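Comments concern the structure below.
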There are 2 protein chains.
Amino acid sequence: MNVELINTGSELMLGRVLNTHQQWLCRNLADLGYTVTRQVAVADTGRDIEQAVREALSRAELVITTGGLGPTSDDLTRDLIAQLLGRTLREDAAIVQHIAQFFVTRKRAMPASTRVQALVPEGAIVLANPHGTAPGLAMEVRPNPFRGDGKPSWLIMLPGPPRELRPMFIDEVVPLIQRVMPTESAFVCRTLRTTGIGESVVQEKIEPQLQHLVGSGLDLGYCARTGQVDVRLAASGSDASRLVQEAEAIVRGELGSFIFGADDDELENVIVHLLIERKQTLALAESCSGGCIAHRITNVPGASAVLLAGLVTYSNEAKQKFLGVRAETLAEHGAVSEPVVREMAEGARQQNGADFALSVTGIAGPSGGTPVKPVGTVFIGLAKASGTIVKKNFNPYDRETFKQVTANQALELLRQKILAAS
Amino acid sequence: MNVELINTGSELMLGRVLNTHQQWLCRNLADLGYTVTRQVAVADTGRDIEQAVREALSRAELVITTGGLGPTSDDLTRDLIAQLLGRTLREDAAIVQHIAQFFVTRKRAMPASTRVQALVPEGAIVLANPHGTAPGLAMEVRPNPFRGDGKPSWLIMLPGPPRELRPMFIDEVVPLIQRVMPTESAFVCRTLRTTGIGESVVQEKIEPQLQHLVGSGLDLGYCARTGQVDVRLAASGSDASRLVQEAEAIVRGELGSFIFGADDDELENVIVHLLIERKQTLALAESCSGGCIAHRITNVPGASAVLLAGLVTYSNEAKQKFLGVRAETLAEHGAVSEPVVREMAEGARQQNGADFALSVTGIAGPSGGTPVKPVGTVFIGLAKASGTIVKKNFNPYDRETFKQVTANQALELLRQKILAAS
């Protein structure tokens, strides 16, 4: 089955906003067995939208559009599609009432322009929008004049704002497509996430072992992210679960502890859960990572059971005052050094009575480097009951990438040692 | 001029990663006067990539692809395009050497599979990749067999990883396209960023005043983000600069200090620069925001001149130990309270000798709420020479949105008070 997604919006083409609809809709559709075969973004102009819809209807059984249903002059999708398909628009009394009520609840006058959102093309199904004024619309294009074989397609129009689109998709679109175009075959997708190993080495280790499964229909993919490589295992059909499970067992056998998690796992989630299971606690002492590790750890619900404190000690004074780093150590070795990162970790562990304390000091750049300690130099310390470990790394990236890569390395060191300690 | 962008990657179609290339490339191209007219994403399969490239070449003078140049079996773009255009691939000795050196520097063996990245289609220009192994490729398709008029097109292939793609685009692609296809007309785009004011109020205030400029070709757009509203002013042609400048003056007159910055400014950049100008310092005391404010402030180059320390005091013990919050205050009012946020701010200011100290305590959720203090409750404190201010807000969002919205509110309070103090 071909499924196409059309995102409309000049702000997308000018790069003023990130298109989060693509990932969200593709992910949710794939998990239901409807893999999107093509996604297109075009500006809010009549010609571009019409051409994109025409082409999508010529290829796909299911076409979903986002945006262009609002009240302003650049909202063209509904009108253009009605015209393209030769359907007249009629005003829907229930929608007019919904819009009026929306403004009453907010104690605001209903602008006349909003009424255009109550227009519905002949034969379309209205998809309720409890979070906004513009409803979604769904219609079967039967016969489909744009397909050579004339086979029907479904066309679904969704509003642009994510907090309107997402509940509408879940509550209205999913039941509709499952009824009108049930998937014939299951789709199973599993992503295994690794860190500390390069993409080509991952491939060399696993691909020969997976050949027989690829021959049977396993789809194998790789995605290199900053400091991480994802391995994606997917399959369709009645054999899908077995294929993916067998492949996962092989990949886990080959890559072992390089795999830190699966699917949507991030290192911080894995660590918070490991520490909760073990009833252990964590303290952080960050210099160059500037709170990035604390921010990531505290994104995880339940982090308060694990994280006692995160000390972002940017200045030398703060390193001394809050972590007990000695003035002589700073004077002798400099803030970016093995002895300082060691005292930072040990100080943070002791001050907070934590099981583990992670410390980071380095040079994020763009300035502050020296020939001996260039921008990108970083020391990572981990203090624990059995002693303190220090690692020196070199991450010569832009400032934000430096912080994320350094945070990944620190979290991975912590993950390995939590596992080793138990 | 038509410009089309093709993003390849099955992980995009399965919704496993967010397509950040679209925004980044569209933004950078638009700022240079090359507005992308269509963006397409397809899976890593031969048929889909070939069809997308064929269609783009039939319409566009400039086609840019991302992804599919790496060493793994799902990297197909280079091969497919060479085949589609009937160009033979030859191994480039300089690229082989670059790849070999890449592995030498990292003290790793060079996997044989990486050598495929040195293959270059006949007549293609090699775009250096100092941050990875796969070079980019650029070629003129002349004559262009896919266009009715046979007019030539340029086809540029970029690698998938953002930290390879972005510097390559800036250093190699921009000079190339400016040389081979100079833009005829200027494009000017200015975004003014506001906070603390709703989208409809922004529109009501500025739109009547801008009508005459819209009539002369000004393109006016709005983008509501979490807690912020952007106003976009754009124009093309010889009059573009004047139109946008006049519009900016009008919008600034109407919205005044609701505007915190322009274009890519974030609150944290604005604050770091204000404090550097004034030679003033900042300390942070974060509970529920968990280091988010410290992380954002330290993303700004030069933050070390401003930020003395950020104390992420998740536990009550840490609030007492590092900030001097009194046990009685915690016992009497609870950690999420006006008196505690006040003592946090004052403690952070005093402990660090900072000019300003910002504190946050609240309930990020999903658990931890009570009928009196539901999830989303937050207190923000700001200690300064002339006294301490406390605000209570209610941000009933998911955990990550809660942290970002709370950080915005705290930073905006700080920005207003830095300005008021000078």
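Residue names in the structure tokens use chain letters A, B, ... in the order shown, residue numbers from 1 in each chain, and ligand numbers from 1 in the order shown.
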
Q) With all C-alpha atoms paired in order, what RMSD does the least-squares fit of chain A onto chain B leave? A) 2.0 Å

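Within the 6 Å cut-off around Val40 of chain A, using only C-alpha atoms and omitting residues fewer than 6 positions from it on the same chain, the listed residues are A:Ile6, B:Gln39, B:Val40.
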
What are the closest atom pairs, with distances in Å to one decimal, for each residue of chain B lying within 6 Å of chain A, using only C-alpha atoms, rows by chain and rising residue number, as CSV?
```
residue,atom,partner,partner_atom,distance
B:Met13,CA,A:Val36,CA,5.6
B:Leu14,CA,A:Arg27,CA,5.3
B:Gly15,CA,A:Arg27,CA,3.9
B:Leu18,CA,A:Gln23,CA,5.5
B:Gln23,CA,A:Gly15,CA,4.2
B:Cys26,CA,A:Gly15,CA,4.6
B:Arg27,CA,A:Gly15,CA,3.9
B:Ala30,CA,A:Leu14,CA,5.7
B:Val36,CA,A:Met13,CA,5.7
B:Arg38,CA,A:Val42,CA,5.1
B:Gln39,CA,A:Ala41,CA,5.1
B:Val40,CA,A:Val40,CA,4.4
B:Ala41,CA,A:Gln39,CA,5.1
B:Val42,CA,A:Arg38,CA,5.1
B:Gly290,CA,A:His295,CA,5.3
B:Gly291,CA,A:His295,CA,4.6
B:Cys292,CA,A:His295,CA,5.0
B:Ala294,CA,A:Gly291,CA,5.3
B:His295,CA,A:Gly291,CA,4.6
B:Thr298,CA,A:Gly290,CA,5.4
B:Leu308,CA,A:Ser315,CA,5.4
B:Ala309,CA,A:Thr313,CA,4.9
B:Gly310,CA,A:Val312,CA,4.6
B:Leu311,CA,A:Leu311,CA,4.9
B:Val312,CA,A:Gly310,CA,4.6
B:Thr313,CA,A:Ala309,CA,4.9
B:Tyr314,CA,A:Ala309,CA,5.5
B:Ser315,CA,A:Leu308,CA,5.4
```

Export N, CA and C atoms of the chosen residues as an mmCIF file, in the first residue's frame?
```
data_model
loop_
_atom_site.group_PDB
_atom_site.id
_atom_site.type_symbol
_atom_site.label_atom_id
_atom_site.label_comp_id
_atom_site.auth_asym_id
_atom_site.auth_seq_id
_atom_site.Cartn_x
_atom_site.Cartn_y
_atom_site.Cartn_z
ATOM 1 N N MET B 13 11.041 7.769 7.018
ATOM 2 C CA MET B 13 9.708 7.312 6.644
ATOM 3 C C MET B 13 9.074 6.494 7.760
ATOM 4 N N LEU B 14 9.926 5.884 8.580
ATOM 5 C CA LEU B 14 9.394 5.110 9.718
ATOM 6 C C LEU B 14 9.234 6.006 10.950
ATOM 7 N N GLY B 15 9.578 7.289 10.811
ATOM 8 C CA GLY B 15 9.411 8.228 11.926
ATOM 9 C C GLY B 15 10.353 7.961 13.074
ATOM 10 N N LEU B 18 13.934 12.765 13.559
ATOM 11 C CA LEU B 18 13.365 14.027 13.111
ATOM 12 C C LEU B 18 14.229 14.539 11.961
ATOM 13 N N GLN B 23 14.734 21.925 7.826
ATOM 14 C CA GLN B 23 14.706 23.290 8.327
ATOM 15 C C GLN B 23 16.041 23.991 8.096
ATOM 16 N N CYS B 26 16.664 24.630 4.266
ATOM 17 C CA CYS B 26 15.688 25.599 3.737
ATOM 18 C C CYS B 26 16.010 26.985 4.276
ATOM 19 N N ARG B 27 16.344 27.073 5.555
ATOM 20 C CA ARG B 27 16.643 28.349 6.169
ATOM 21 C C ARG B 27 17.879 28.995 5.544
ATOM 22 N N ALA B 30 17.191 29.968 1.880
ATOM 23 C CA ALA B 30 16.308 31.138 1.769
ATOM 24 C C ALA B 30 17.077 32.413 2.080
ATOM 25 N N VAL B 36 13.545 27.186 -1.302
ATOM 26 C CA VAL B 36 13.223 25.815 -1.693
ATOM 27 C C VAL B 36 11.745 25.752 -2.061
ATOM 28 N N ARG B 38 10.194 22.796 -3.151
ATOM 29 C CA ARG B 38 9.604 21.513 -2.781
ATOM 30 C C ARG B 38 10.640 20.683 -2.044
ATOM 31 N N GLN B 39 10.195 20.028 -0.981
ATOM 32 C CA GLN B 39 11.062 19.100 -0.251
ATOM 33 C C GLN B 39 10.377 17.756 -0.256
ATOM 34 N N VAL B 40 11.147 16.701 -0.500
ATOM 35 C CA VAL B 40 10.601 15.349 -0.583
ATOM 36 C C VAL B 40 11.455 14.433 0.291
ATOM 37 N N ALA B 41 10.822 13.540 1.028
ATOM 38 C CA ALA B 41 11.573 12.494 1.731
ATOM 39 C C ALA B 41 11.108 11.143 1.231
ATOM 40 N N VAL B 42 12.077 10.256 0.967
ATOM 41 C CA VAL B 42 11.763 8.895 0.517
ATOM 42 C C VAL B 42 12.661 7.899 1.251
ATOM 43 N N GLY B 290 15.628 21.534 36.688
ATOM 44 C CA GLY B 290 16.624 20.469 36.584
ATOM 45 C C GLY B 290 17.871 20.767 35.773
ATOM 46 N N GLY B 291 18.311 22.007 35.697
ATOM 47 C CA GLY B 291 19.520 22.298 34.939
ATOM 48 C C GLY B 291 19.230 22.825 33.544
ATOM 49 N N CYS B 292 17.948 22.895 33.184
ATOM 50 C CA CYS B 292 17.569 23.370 31.842
ATOM 51 C C CYS B 292 18.050 24.808 31.626
ATOM 52 N N ALA B 294 20.589 26.382 33.220
ATOM 53 C CA ALA B 294 22.055 26.363 33.141
ATOM 54 C C ALA B 294 22.501 25.863 31.766
ATOM 55 N N HIS B 295 21.867 24.792 31.290
ATOM 56 C CA HIS B 295 22.212 24.222 29.980
ATOM 57 C C HIS B 295 22.008 25.256 28.880
ATOM 58 N N THR B 298 24.616 28.083 29.176
ATOM 59 C CA THR B 298 25.977 27.662 28.802
ATOM 60 C C THR B 298 26.079 27.222 27.341
ATOM 61 N N LEU B 308 28.390 32.226 37.217
ATOM 62 C CA LEU B 308 29.335 31.779 38.239
ATOM 63 C C LEU B 308 29.074 30.326 38.605
ATOM 64 N N ALA B 309 27.810 30.005 38.851
ATOM 65 C CA ALA B 309 27.470 28.624 39.187
ATOM 66 C C ALA B 309 25.984 28.403 38.985
ATOM 67 N N GLY B 310 25.635 27.149 38.691
ATOM 68 C CA GLY B 310 24.237 26.739 38.624
ATOM 69 C C GLY B 310 24.077 25.567 39.574
ATOM 70 N N LEU B 311 23.167 25.712 40.528
ATOM 71 C CA LEU B 311 23.017 24.651 41.526
ATOM 72 C C LEU B 311 21.678 23.970 41.300
ATOM 73 N N VAL B 312 21.750 22.713 40.858
ATOM 74 C CA VAL B 312 20.526 21.944 40.636
ATOM 75 C C VAL B 312 20.244 21.190 41.929
ATOM 76 N N THR B 313 19.427 21.809 42.763
ATOM 77 C CA THR B 313 19.180 21.265 44.098
ATOM 78 C C THR B 313 17.853 20.525 44.095
ATOM 79 N N TYR B 314 17.930 19.268 43.649
ATOM 80 C CA TYR B 314 16.708 18.470 43.530
ATOM 81 C C TYR B 314 16.197 18.049 44.914
ATOM 82 N N SER B 315 17.108 17.701 45.825
ATOM 83 C CA SER B 315 16.680 17.222 47.152
ATOM 84 C C SER B 315 16.595 18.389 48.137
#
```

Q. Near Thr72 of chain A, counting only C-alpha atoms, which residues have an atom at most 10 Å away, once you skip same-chain residues fewer than 3 positions from it, shown as a ChimeraX atom specification?
A. /A:68-69,75-76,113-114,116-117

Q.
I need the strand (DSSP E or B) residues of segment 234-367 of chain A per DSSP on the backbone, written as JSON, numbers by chain.
A. {"A": [234, 235, 236, 259, 260, 261, 262, 282, 283, 284, 285, 286, 307, 308, 309, 310, 311, 312, 356, 357, 358, 359, 360, 361, 362]}

(Q) Report as a PyMOL selection string all protein, DNA and RNA residues lying within 8 Å of Met168 of chain A, evaluated on only C-alpha atoms, omitting residues in the same chain fewer than 6 positions from it. (A) chain A and resi 127-129+136+158
